[in-house]
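Engineer: Here you go, this is entry-v6.tsv (TSV, C-alpha atoms).
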chain	number	residue	atom	x	y	z
A	1	MET	CA	48.31	11.92	-70.53
A	2	THR	CA	48.12	15.64	-69.74
A	3	LYS	CA	45.95	14.84	-66.72
A	4	LEU	CA	48.49	12.28	-65.55
A	5	VAL	CA	51.36	14.79	-65.81
A	6	ALA	CA	49.24	17.45	-64.07
A	7	GLY	CA	48.37	14.94	-61.33
A	8	GLY	CA	52.06	14.08	-60.97
A	9	ILE	CA	52.93	17.76	-60.58
A	10	VAL	CA	50.22	18.24	-57.94
A	11	TRP	CA	51.47	15.14	-56.09
A	12	SER	CA	55.10	16.33	-56.23
A	13	LYS	CA	54.05	19.74	-54.89
A	14	THR	CA	52.20	18.05	-52.03
A	15	VAL	CA	55.24	15.92	-51.15
A	16	ALA	CA	57.42	19.06	-51.24
A	17	GLY	CA	54.81	20.74	-49.03
A	18	LEU	CA	55.00	17.89	-46.51
A	19	PHE	CA	58.76	18.46	-46.44
A	20	ILE	CA	58.67	22.25	-46.08
A	21	ALA	CA	55.37	23.01	-44.32
A	22	PRO	CA	53.98	19.71	-42.95
A	23	TYR	CA	51.25	21.29	-40.80
A	24	GLU	CA	49.66	23.36	-43.56
A	25	THR	CA	50.02	20.59	-46.16
A	26	SER	CA	48.58	17.84	-43.90
A	27	ARG	CA	45.61	20.07	-43.21
A	28	ARG	CA	45.07	20.60	-46.95
A	29	ILE	CA	45.39	16.84	-47.67
A	30	ALA	CA	42.78	15.98	-45.01
A	31	CYS	CA	40.36	18.60	-46.37
A	32	LYS	CA	40.97	18.42	-50.13
A	33	GLY	CA	42.86	15.16	-50.77
A	34	LYS	CA	41.77	13.43	-53.99
A	35	ALA	CA	41.64	9.72	-54.84
A	36	PHE	CA	44.04	10.17	-57.82
A	37	GLU	CA	46.83	11.01	-55.37
A	38	LEU	CA	46.68	7.39	-54.21
A	39	LEU	CA	47.69	6.36	-57.73
A	40	PHE	CA	50.98	8.27	-57.47
A	41	ILE	CA	51.67	6.88	-54.01
A	42	GLY	CA	51.01	3.43	-55.51
A	43	LEU	CA	53.49	4.20	-58.31
A	44	MET	CA	56.05	5.32	-55.73
A	45	LEU	CA	55.62	1.99	-53.89
A	46	VAL	CA	55.82	-0.01	-57.14
A	47	GLY	CA	59.06	1.81	-58.02
A	48	TYR	CA	60.57	1.18	-54.61
A	49	PHE	CA	59.56	-2.49	-54.38
A	50	GLY	CA	60.89	-3.08	-57.89
A	51	LEU	CA	64.26	-1.75	-56.78
A	52	ALA	CA	64.13	-3.60	-53.44
A	53	SER	CA	63.41	-6.88	-55.24
A	54	LEU	CA	66.46	-6.36	-57.45
A	55	VAL	CA	68.66	-5.60	-54.44
A	56	LYS	CA	67.33	-8.56	-52.43
A	57	ILE	CA	67.52	-11.15	-55.22
A	58	ALA	CA	70.74	-9.67	-56.66
A	59	ALA	CA	70.26	-11.55	-59.94
A	60	PHE	CA	68.21	-11.02	-63.08
A	61	ARG	CA	65.87	-13.99	-62.61
A	62	PRO	CA	62.38	-12.87	-63.62
A	63	PHE	CA	60.48	-15.50	-61.63
A	64	LEU	CA	62.29	-14.80	-58.36
A	65	LEU	CA	62.13	-11.04	-58.93
A	66	SER	CA	58.37	-11.15	-59.62
A	67	GLN	CA	57.83	-13.38	-56.60
A	68	GLN	CA	59.82	-11.05	-54.33
A	69	PHE	CA	58.04	-8.00	-55.74
A	70	PHE	CA	54.65	-9.64	-55.21
A	71	ILE	CA	55.48	-10.58	-51.60
A	72	LEU	CA	56.70	-7.06	-50.72
A	73	PHE	CA	53.89	-5.24	-52.51
A	74	SER	CA	51.20	-7.49	-51.01
A	75	GLY	CA	52.72	-7.04	-47.55
A	76	ALA	CA	52.69	-3.25	-47.96
A	77	LEU	CA	49.09	-3.26	-49.22
A	78	CYS	CA	48.11	-5.44	-46.26
A	79	ASN	CA	49.82	-2.95	-43.89
A	80	ILE	CA	47.99	-0.01	-45.48
A	81	PHE	CA	44.66	-1.82	-45.33
A	82	VAL	CA	45.13	-2.75	-41.66
A	83	SER	CA	46.26	0.79	-40.76
A	84	VAL	CA	43.34	2.50	-42.52
A	85	ALA	CA	40.78	0.00	-41.22
A	86	THR	CA	42.11	0.30	-37.66
A	87	LEU	CA	42.04	4.10	-37.85
A	88	TRP	CA	38.49	4.03	-39.21
A	89	ILE	CA	37.34	1.65	-36.46
A	90	ALA	CA	39.19	3.68	-33.81
A	91	GLY	CA	37.40	6.78	-35.14
A	92	ARG	CA	34.07	5.03	-34.80
A	93	LEU	CA	34.90	3.89	-31.26
A	94	ILE	CA	35.67	7.44	-30.13
A	95	GLY	CA	32.49	8.66	-31.80
A	96	VAL	CA	33.95	10.40	-34.87
A	97	GLN	CA	32.53	9.54	-38.27
A	98	ALA	CA	35.28	10.36	-40.75
A	99	ARG	CA	35.02	9.53	-44.46
A	100	ILE	CA	37.26	6.71	-45.62
A	101	LEU	CA	38.90	8.68	-48.50
A	102	PRO	CA	40.53	11.39	-46.35
A	103	ILE	CA	41.84	8.64	-44.02
A	104	CYS	CA	43.27	6.72	-47.00
A	105	VAL	CA	44.89	9.75	-48.66
A	106	SER	CA	46.24	11.23	-45.42
A	107	TRP	CA	47.63	7.90	-44.25
A	108	ALA	CA	49.05	7.10	-47.70
A	109	TYR	CA	51.09	10.32	-47.60
A	110	THR	CA	52.66	9.18	-44.32
A	111	LEU	CA	54.26	6.41	-46.40
A	112	VAL	CA	56.56	9.00	-48.02
A	113	PRO	CA	59.06	9.04	-45.08
A	114	THR	CA	58.73	5.25	-44.77
A	115	THR	CA	59.58	4.77	-48.44
A	116	ALA	CA	62.40	7.32	-48.16
A	117	TRP	CA	63.96	5.32	-45.30
A	118	PHE	CA	63.59	1.98	-47.07
A	119	LEU	CA	65.00	3.48	-50.28
A	120	MET	CA	67.98	4.92	-48.41
A	121	THR	CA	68.60	1.59	-46.67
A	122	SER	CA	68.40	-0.36	-49.95
A	123	VAL	CA	70.82	1.98	-51.72
A	124	LEU	CA	73.24	1.93	-48.78
A	125	TYR	CA	72.98	-1.87	-48.71
A	126	VAL	CA	74.48	-1.87	-52.21
A	127	LEU	CA	77.00	0.94	-51.68
A	128	PHE	CA	78.14	0.01	-48.15
A	129	PRO	CA	77.02	-3.58	-47.51
A	130	PRO	CA	76.70	-4.63	-43.85
A	131	PRO	CA	78.11	-5.67	-41.38
A	132	ARG	CA	79.31	-2.42	-39.82
A	133	THR	CA	82.51	-2.56	-37.84
A	134	THR	CA	83.47	-0.86	-34.59
A	135	SER	CA	86.29	1.08	-36.28
A	136	VAL	CA	86.11	4.90	-36.26
A	137	ALA	CA	84.74	4.90	-39.82
A	138	GLY	CA	82.19	2.19	-38.97
A	139	LEU	CA	80.98	4.03	-35.88
A	140	ALA	CA	80.82	7.34	-37.78
A	141	PHE	CA	78.73	5.69	-40.50
A	142	SER	CA	76.51	4.13	-37.84
A	143	ALA	CA	75.99	7.50	-36.13
A	144	VAL	CA	75.08	9.24	-39.40
A	145	PHE	CA	72.77	6.36	-40.38
A	146	ILE	CA	70.93	6.55	-37.05
A	147	ILE	CA	70.68	10.36	-37.23
A	148	VAL	CA	69.10	10.21	-40.71
A	149	SER	CA	66.86	7.26	-39.71
A	150	ALA	CA	65.68	9.03	-36.54
A	151	THR	CA	65.05	12.25	-38.50
A	152	LEU	CA	62.83	10.35	-40.95
A	153	LEU	CA	61.13	8.63	-38.01
A	154	TRP	CA	60.25	12.00	-36.39
A	155	TRP	CA	58.86	13.12	-39.75
A	156	LYS	CA	56.78	9.96	-39.99
A	157	ILE	CA	55.46	10.33	-36.43
A	158	MET	CA	54.58	13.97	-37.04
A	159	LEU	CA	52.76	13.25	-40.31
A	160	SER	CA	50.84	10.38	-38.68
A	161	HIS	CA	49.88	12.64	-35.78
A	162	LEU	CA	48.75	15.42	-38.13
A	163	ALA	CA	46.81	12.95	-40.28
A	164	ILE	CA	44.83	11.76	-37.24
A	165	ARG	CA	44.39	15.32	-35.95
A	166	PHE	CA	43.05	16.75	-39.22
A	167	VAL	CA	41.02	13.76	-40.43
A	168	PHE	CA	39.20	13.20	-37.15
A	169	ARG	CA	39.39	16.84	-35.92
A	170	ILE	CA	40.08	15.74	-32.37
A	171	PRO	CA	42.17	17.19	-29.51
A	172	LEU	CA	45.45	15.73	-28.24
A	173	ALA	CA	43.88	13.67	-25.42
A	174	THR	CA	41.58	11.87	-27.89
A	175	ILE	CA	44.47	11.42	-30.33
A	176	LEU	CA	46.28	9.54	-27.54
A	177	VAL	CA	43.22	7.28	-27.16
A	178	VAL	CA	43.36	6.59	-30.92
A	179	TYR	CA	47.08	5.71	-30.56
A	180	ALA	CA	46.24	3.37	-27.67
A	181	LEU	CA	43.86	1.49	-29.97
A	182	PHE	CA	46.00	1.78	-33.10
A	183	VAL	CA	49.55	0.98	-31.95
A	184	PRO	CA	48.88	-2.54	-30.48
A	185	VAL	CA	47.15	-3.61	-33.71
A	186	LEU	CA	50.07	-2.36	-35.81
A	187	ALA	CA	52.57	-3.99	-33.44
A	188	PHE	CA	50.78	-7.32	-33.76
A	189	GLU	CA	50.60	-6.98	-37.53
A	190	SER	CA	54.32	-6.13	-37.70
A	191	ILE	CA	55.14	-9.27	-35.70
A	192	VAL	CA	53.04	-11.34	-38.12
A	193	MET	CA	54.87	-9.78	-41.10
A	194	TYR	CA	58.23	-10.51	-39.42
A	195	ARG	CA	57.26	-14.13	-38.74
A	196	LEU	CA	56.14	-14.50	-42.37
A	197	GLY	CA	59.52	-13.12	-43.49
A	198	VAL	CA	57.98	-10.22	-45.45
A	199	PHE	CA	59.39	-7.20	-43.56
A	200	LYS	CA	62.05	-7.35	-40.87
A	201	VAL	CA	61.53	-3.64	-40.20
A	202	PRO	CA	57.79	-2.88	-40.39
A	203	PHE	CA	56.74	-0.98	-43.53
A	204	LEU	CA	54.16	1.25	-41.83
B	1	MET	CA	38.43	46.82	-58.42
B	2	THR	CA	35.22	45.67	-56.73
B	3	TYR	CA	35.62	42.23	-58.31
B	4	LYS	CA	39.18	42.00	-56.98
B	5	ALA	CA	38.08	43.07	-53.52
B	6	ASN	CA	35.25	40.53	-53.58
B	7	ALA	CA	37.63	37.75	-54.66
B	8	THR	CA	40.06	38.66	-51.87
B	9	TYR	CA	37.22	38.71	-49.36
B	10	THR	CA	35.89	35.34	-50.60
B	11	ASN	CA	39.36	33.83	-50.32
B	12	PHE	CA	39.77	35.29	-46.86
B	13	LEU	CA	36.39	33.90	-45.82
B	14	LYS	CA	37.27	30.43	-47.17
B	15	ARG	CA	40.59	30.49	-45.34
B	16	TRP	CA	38.95	31.76	-42.15
B	17	GLU	CA	36.37	28.95	-42.22
B	18	GLU	CA	39.11	26.40	-42.88
B	19	VAL	CA	41.20	27.62	-39.93
B	20	THR	CA	38.32	28.03	-37.46
B	21	ASN	CA	36.80	24.68	-38.44
B	22	LEU	CA	39.24	22.96	-36.09
B	23	PRO	CA	39.29	24.20	-32.49
B	24	PRO	CA	42.80	25.17	-31.27
B	25	GLN	CA	44.62	22.69	-29.08
B	26	THR	CA	44.78	23.64	-25.42
B	27	LEU	CA	46.60	21.87	-22.59
B	28	GLY	CA	45.54	23.89	-19.56
B	29	PRO	CA	48.54	25.56	-17.90
B	30	PHE	CA	50.89	23.93	-20.44
B	31	THR	CA	49.21	25.49	-23.50
B	32	GLY	CA	51.87	28.19	-23.91
B	33	MET	CA	54.72	25.67	-23.74
B	34	TYR	CA	52.89	23.34	-26.13
B	35	LYS	CA	52.34	26.16	-28.65
B	36	LEU	CA	55.99	27.20	-28.37
B	37	LEU	CA	57.17	23.65	-29.02
B	38	THR	CA	54.78	22.72	-31.82
B	39	GLY	CA	55.17	26.13	-33.48
B	40	ARG	CA	58.75	25.21	-34.37
B	41	PHE	CA	57.62	22.06	-36.18
B	42	LYS	CA	54.93	23.62	-38.37
B	43	VAL	CA	57.26	25.07	-40.99
B	44	MET	CA	60.68	23.62	-41.94
B	45	PRO	CA	61.02	21.31	-38.92
B	46	TRP	CA	64.25	19.70	-40.22
B	47	PRO	CA	66.82	21.63	-38.16
B	48	TRP	CA	64.92	20.64	-35.00
B	49	PHE	CA	64.57	17.05	-36.15
B	50	LEU	CA	68.32	16.90	-36.77
B	51	VAL	CA	69.16	18.37	-33.37
B	52	VAL	CA	66.84	15.89	-31.59
B	53	SER	CA	68.30	13.01	-33.65
B	54	ALA	CA	71.88	14.05	-32.84
B	55	VAL	CA	71.06	14.11	-29.12
B	56	PHE	CA	69.33	10.74	-29.55
B	57	VAL	CA	72.48	9.24	-31.13
B	58	VAL	CA	74.68	10.56	-28.32
B	59	VAL	CA	72.32	9.05	-25.71
B	60	LEU	CA	72.23	5.79	-27.66
B	61	TYR	CA	76.05	5.72	-27.85
B	62	VAL	CA	76.28	6.33	-24.09
B	63	ILE	CA	73.87	3.45	-23.44
B	64	LEU	CA	74.98	0.93	-26.09
B	65	GLY	CA	78.57	1.98	-26.78
B	66	SER	CA	80.03	0.44	-29.92
B	67	ALA	CA	77.01	-1.91	-30.12
B	68	ILE	CA	75.35	0.81	-32.24
B	69	ALA	CA	77.35	-0.70	-35.12
B	70	PHE	CA	75.47	-3.96	-34.53
B	71	LEU	CA	72.16	-2.09	-34.39
B	72	VAL	CA	72.91	-0.40	-37.73
B	73	THR	CA	73.92	-3.75	-39.25
B	74	THR	CA	70.54	-5.17	-38.21
B	75	LEU	CA	68.69	-2.15	-39.58
B	76	GLN	CA	70.63	-2.28	-42.85
B	77	LYS	CA	69.51	-5.86	-43.36
B	78	GLY	CA	65.94	-4.93	-42.45
B	79	PHE	CA	64.59	-3.55	-45.73
Show the structure stored in the file as structure tokens.

Structural biologist:
Amino acid sequence: MTKLVAGGIVWSKTVAGLFIAPYETSRRIACKGKAFELLFIGLMLVGYFGLASLVKIAAFRPFLLSQQFFILFSGALCNIFVSVATLWIAGRLIGVQARILPICVSWAYTLVPTTAWFLMTSVLYVLFPPPRTTSVAGLAFSAVFIIVSATLLWWKIMLSHLAIRFVFRIPLATILVVYALFVPVLAFESIVMYRLGVFKVPFL
Amino acid sequence: MTYKANATYTNFLKRWEEVTNLPPQTLGPFTGMYKLLTGRFKVMPWPWFLVVSAVFVVVLYVILGSAIAFLVTTLQKGF
């Protein structure tokens, strides 16, 4: 129990570090990231998907809630698996042999902004249900929503970039080659998830 | 005192190895500009993120007009 609490504190400090000093913290994660940190990221995802299932089903029906939770959680796990595997293969293709654990831990931390955006959207869905109108208030809400969403997107892009940079230890030109291999696979996977009705906005 | 000095030196050495382990990014004649830009994002990048996002929203509003409300409706249903 003490170890769990200590692990939770370490994880929280790392997340705070990604918020305040992303460069330094990403570097530390790639060098010294531990497998137990994946547990806390898993707990974060479980917490979010539990809430998202409640919001989506909007009724206390255990079977439907469990089904929705299972679909979302499996979809997210599938996304993580595809992302990590693609990165690992891309690394091999460019001639870098990175260990799988640093890729997993570094990539898993990039799910923090993703989860933050999905959490914000779920909460706002309850507080201010769509559709948005073209009134002044509706447009103001839309502008603020896009500003916050774009801010989280920049954070996500930066963390992903730093994860690739520090795990593979490669220069910018090679990082762009990794993106060229990585992005089409993720785009295809996102389309599959959309067609299956799991995620309308890709949970990457 | 010697112990403290040794510990400081060991820590410095560890840090030095960690930093020099990764060669610095260079972009030819654009290296200076690249360093200037990325330097702002290394610590507390949020003010810059917000500024870029605000500009992004203005550009989006110029392009889409009030259709940004539709975009947000779609995004809100997207979780």

Engineer: Could you state the separation of CA of Val82 (chain A) and CA of Leu75 (chain B) in Å, given to one decimal place?

Structural biologist: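 Going from CA of Val82 (chain A) over to CA of Leu75 (chain B) covers 23.7 Å.
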
Engineer: Restrict the distance test to all atoms listed in the file, flag each residue of chain A within 9 Å of chain B, and return the flagged residues as a count of residues only.

Structural biologist: 50

Engineer: So, with only C-alpha atoms as the atoms that count, which of A:Val167, A:Val136, A:Val55, A:Trp11 lies closest to Ala98 (chain A)?

Structural biologist: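 Looking only at the distances to Ala98 (chain A), the closest residue turns out to be A:Val167.
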
Engineer: Report the distance between CA of Pro102 (chain A) and CA of Phe40 (chain A) in Å, rounded to one decimal place.

Structural biologist: 15.6 Å

Engineer: Could you tell me how far CA of Ala59 (chain A) lies from CA of Val126 (chain A), in Å and to one decimal?

Structural biologist: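 It comes out at 13.1 Å.
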
Engineer: Find the spatial neighbours of Met44 (chain A), counting only C-alpha atoms, within a cut-off of 12 Å - ignore same-chain residues fewer than 2 positions away - and output them as a short mmCIF file (atom, residue, chain, number, x, y, z; two decimals) with C-alpha atoms, in the coordinates of the input.

Structural biologist:
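Output (result.cif):
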data_model
loop_
_atom_site.label_atom_id
_atom_site.label_comp_id
_atom_site.auth_asym_id
_atom_site.auth_seq_id
_atom_site.Cartn_x
_atom_site.Cartn_y
_atom_site.Cartn_z
CA GLY A 8 52.06 14.08 -60.97
CA TRP A 11 51.47 15.14 -56.09
CA SER A 12 55.10 16.33 -56.23
CA VAL A 15 55.24 15.92 -51.15
CA GLU A 37 46.83 11.01 -55.37
CA LEU A 38 46.68 7.39 -54.21
CA LEU A 39 47.69 6.36 -57.73
CA PHE A 40 50.98 8.27 -57.47
CA ILE A 41 51.67 6.88 -54.01
CA GLY A 42 51.01 3.43 -55.51
CA VAL A 46 55.82 -0.01 -57.14
CA GLY A 47 59.06 1.81 -58.02
CA TYR A 48 60.57 1.18 -54.61
CA PHE A 49 59.56 -2.49 -54.38
CA GLY A 50 60.89 -3.08 -57.89
CA LEU A 51 64.26 -1.75 -56.78
CA PHE A 73 53.89 -5.24 -52.51
CA ALA A 108 49.05 7.10 -47.70
CA TYR A 109 51.09 10.32 -47.60
CA LEU A 111 54.26 6.41 -46.40
CA VAL A 112 56.56 9.00 -48.02
CA PRO A 113 59.06 9.04 -45.08
CA THR A 114 58.73 5.25 -44.77
CA THR A 115 59.58 4.77 -48.44
CA ALA A 116 62.40 7.32 -48.16
CA PHE A 118 63.59 1.98 -47.07
CA LEU A 119 65.00 3.48 -50.28
#

Engineer: List the spatial neighbours of region 179-189 of chain A as a ChimeraX atom specification - criterion: any atom at most 12 Å away, all atoms listed in the file, same-chain residues fewer than 4 positions off excluded.

Structural biologist: /A:75-76,78-94,157,160-161,164-165,172-175,193-196,198-204

Engineer: How would region 37-72 of chain A read, as a tab-separated table (two decimals), in the frame of the given file, once N, CA and C atoms are built in?

Structural biologist:
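Output file rebuild.tsv follows:
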chain	number	residue	atom	x	y	z
A	37	GLU	N	45.52	10.91	-56.03
A	37	GLU	CA	46.83	11.01	-55.37
A	37	GLU	C	47.31	9.63	-54.89
A	38	LEU	N	46.32	8.75	-54.62
A	38	LEU	CA	46.68	7.39	-54.21
A	38	LEU	C	47.41	6.65	-55.33
A	39	LEU	N	47.05	7.00	-56.58
A	39	LEU	CA	47.69	6.36	-57.73
A	39	LEU	C	49.20	6.64	-57.73
A	40	PHE	N	49.56	7.91	-57.45
A	40	PHE	CA	50.98	8.27	-57.47
A	40	PHE	C	51.72	7.66	-56.29
A	41	ILE	N	51.03	7.54	-55.16
A	41	ILE	CA	51.67	6.88	-54.01
A	41	ILE	C	51.87	5.40	-54.35
A	42	GLY	N	50.88	4.81	-55.04
A	42	GLY	CA	51.01	3.43	-55.51
A	42	GLY	C	52.20	3.28	-56.45
A	43	LEU	N	52.36	4.25	-57.37
A	43	LEU	CA	53.49	4.20	-58.31
A	43	LEU	C	54.82	4.31	-57.57
A	44	MET	N	54.84	5.17	-56.55
A	44	MET	CA	56.05	5.32	-55.73
A	44	MET	C	56.41	3.98	-55.08
A	45	LEU	N	55.38	3.28	-54.54
A	45	LEU	CA	55.62	1.99	-53.89
A	45	LEU	C	56.07	0.94	-54.90
A	46	VAL	N	55.42	0.94	-56.09
A	46	VAL	CA	55.82	-0.01	-57.14
A	46	VAL	C	57.29	0.20	-57.50
A	47	GLY	N	57.66	1.48	-57.69
A	47	GLY	CA	59.06	1.81	-58.02
A	47	GLY	C	60.01	1.31	-56.95
A	48	TYR	N	59.67	1.59	-55.68
A	48	TYR	CA	60.57	1.18	-54.61
A	48	TYR	C	60.67	-0.35	-54.52
A	49	PHE	N	59.51	-1.03	-54.55
A	49	PHE	CA	59.56	-2.49	-54.38
A	49	PHE	C	60.23	-3.18	-55.56
A	50	GLY	N	60.14	-2.56	-56.74
A	50	GLY	CA	60.89	-3.08	-57.89
A	50	GLY	C	62.38	-3.05	-57.61
A	51	LEU	N	62.84	-1.90	-57.10
A	51	LEU	CA	64.26	-1.75	-56.78
A	51	LEU	C	64.67	-2.69	-55.64
A	52	ALA	N	63.81	-2.76	-54.60
A	52	ALA	CA	64.13	-3.60	-53.44
A	52	ALA	C	64.22	-5.08	-53.84
A	53	SER	N	63.36	-5.49	-54.77
A	53	SER	CA	63.41	-6.88	-55.24
A	53	SER	C	64.73	-7.16	-55.93
A	54	LEU	N	65.17	-6.20	-56.75
A	54	LEU	CA	66.46	-6.36	-57.45
A	54	LEU	C	67.62	-6.46	-56.45
A	55	VAL	N	67.58	-5.61	-55.43
A	55	VAL	CA	68.66	-5.60	-54.44
A	55	VAL	C	68.64	-6.91	-53.63
A	56	LYS	N	67.43	-7.37	-53.27
A	56	LYS	CA	67.33	-8.56	-52.43
A	56	LYS	C	67.72	-9.82	-53.20
A	57	ILE	N	67.24	-9.94	-54.43
A	57	ILE	CA	67.52	-11.15	-55.22
A	57	ILE	C	68.93	-11.11	-55.80
A	58	ALA	N	69.38	-9.89	-56.14
A	58	ALA	CA	70.74	-9.67	-56.66
A	58	ALA	C	71.05	-10.53	-57.88
A	59	ALA	N	70.03	-10.82	-58.68
A	59	ALA	CA	70.26	-11.55	-59.94
A	59	ALA	C	69.06	-11.27	-60.85
A	60	PHE	N	69.32	-11.29	-62.17
A	60	PHE	CA	68.21	-11.02	-63.08
A	60	PHE	C	67.49	-12.34	-63.39
A	61	ARG	N	66.66	-12.77	-62.43
A	61	ARG	CA	65.87	-13.99	-62.61
A	61	ARG	C	64.40	-13.60	-62.47
A	62	PRO	N	63.73	-13.45	-63.62
A	62	PRO	CA	62.38	-12.87	-63.62
A	62	PRO	C	61.41	-13.52	-62.65
A	63	PHE	N	61.44	-14.86	-62.52
A	63	PHE	CA	60.48	-15.50	-61.63
A	63	PHE	C	60.70	-15.08	-60.18
A	64	LEU	N	61.97	-15.17	-59.74
A	64	LEU	CA	62.29	-14.80	-58.36
A	64	LEU	C	62.02	-13.33	-58.08
A	65	LEU	N	62.36	-12.48	-59.09
A	65	LEU	CA	62.13	-11.04	-58.93
A	65	LEU	C	60.64	-10.75	-58.79
A	66	SER	N	59.83	-11.38	-59.67
A	66	SER	CA	58.37	-11.15	-59.62
A	66	SER	C	57.81	-11.64	-58.29
A	67	GLN	N	58.31	-12.81	-57.86
A	67	GLN	CA	57.83	-13.38	-56.60
A	67	GLN	C	58.14	-12.44	-55.42
A	68	GLN	N	59.41	-11.95	-55.40
A	68	GLN	CA	59.82	-11.05	-54.33
A	68	GLN	C	59.00	-9.76	-54.36
A	69	PHE	N	58.82	-9.23	-55.58
A	69	PHE	CA	58.04	-8.00	-55.74
A	69	PHE	C	56.61	-8.21	-55.23
A	70	PHE	N	56.02	-9.34	-55.60
A	70	PHE	CA	54.65	-9.64	-55.21
A	70	PHE	C	54.53	-9.74	-53.69
A	71	ILE	N	55.51	-10.42	-53.07
A	71	ILE	CA	55.48	-10.58	-51.60
A	71	ILE	C	55.55	-9.21	-50.91
A	72	LEU	N	56.52	-8.37	-51.36
A	72	LEU	CA	56.70	-7.06	-50.72
A	72	LEU	C	55.50	-6.16	-50.93
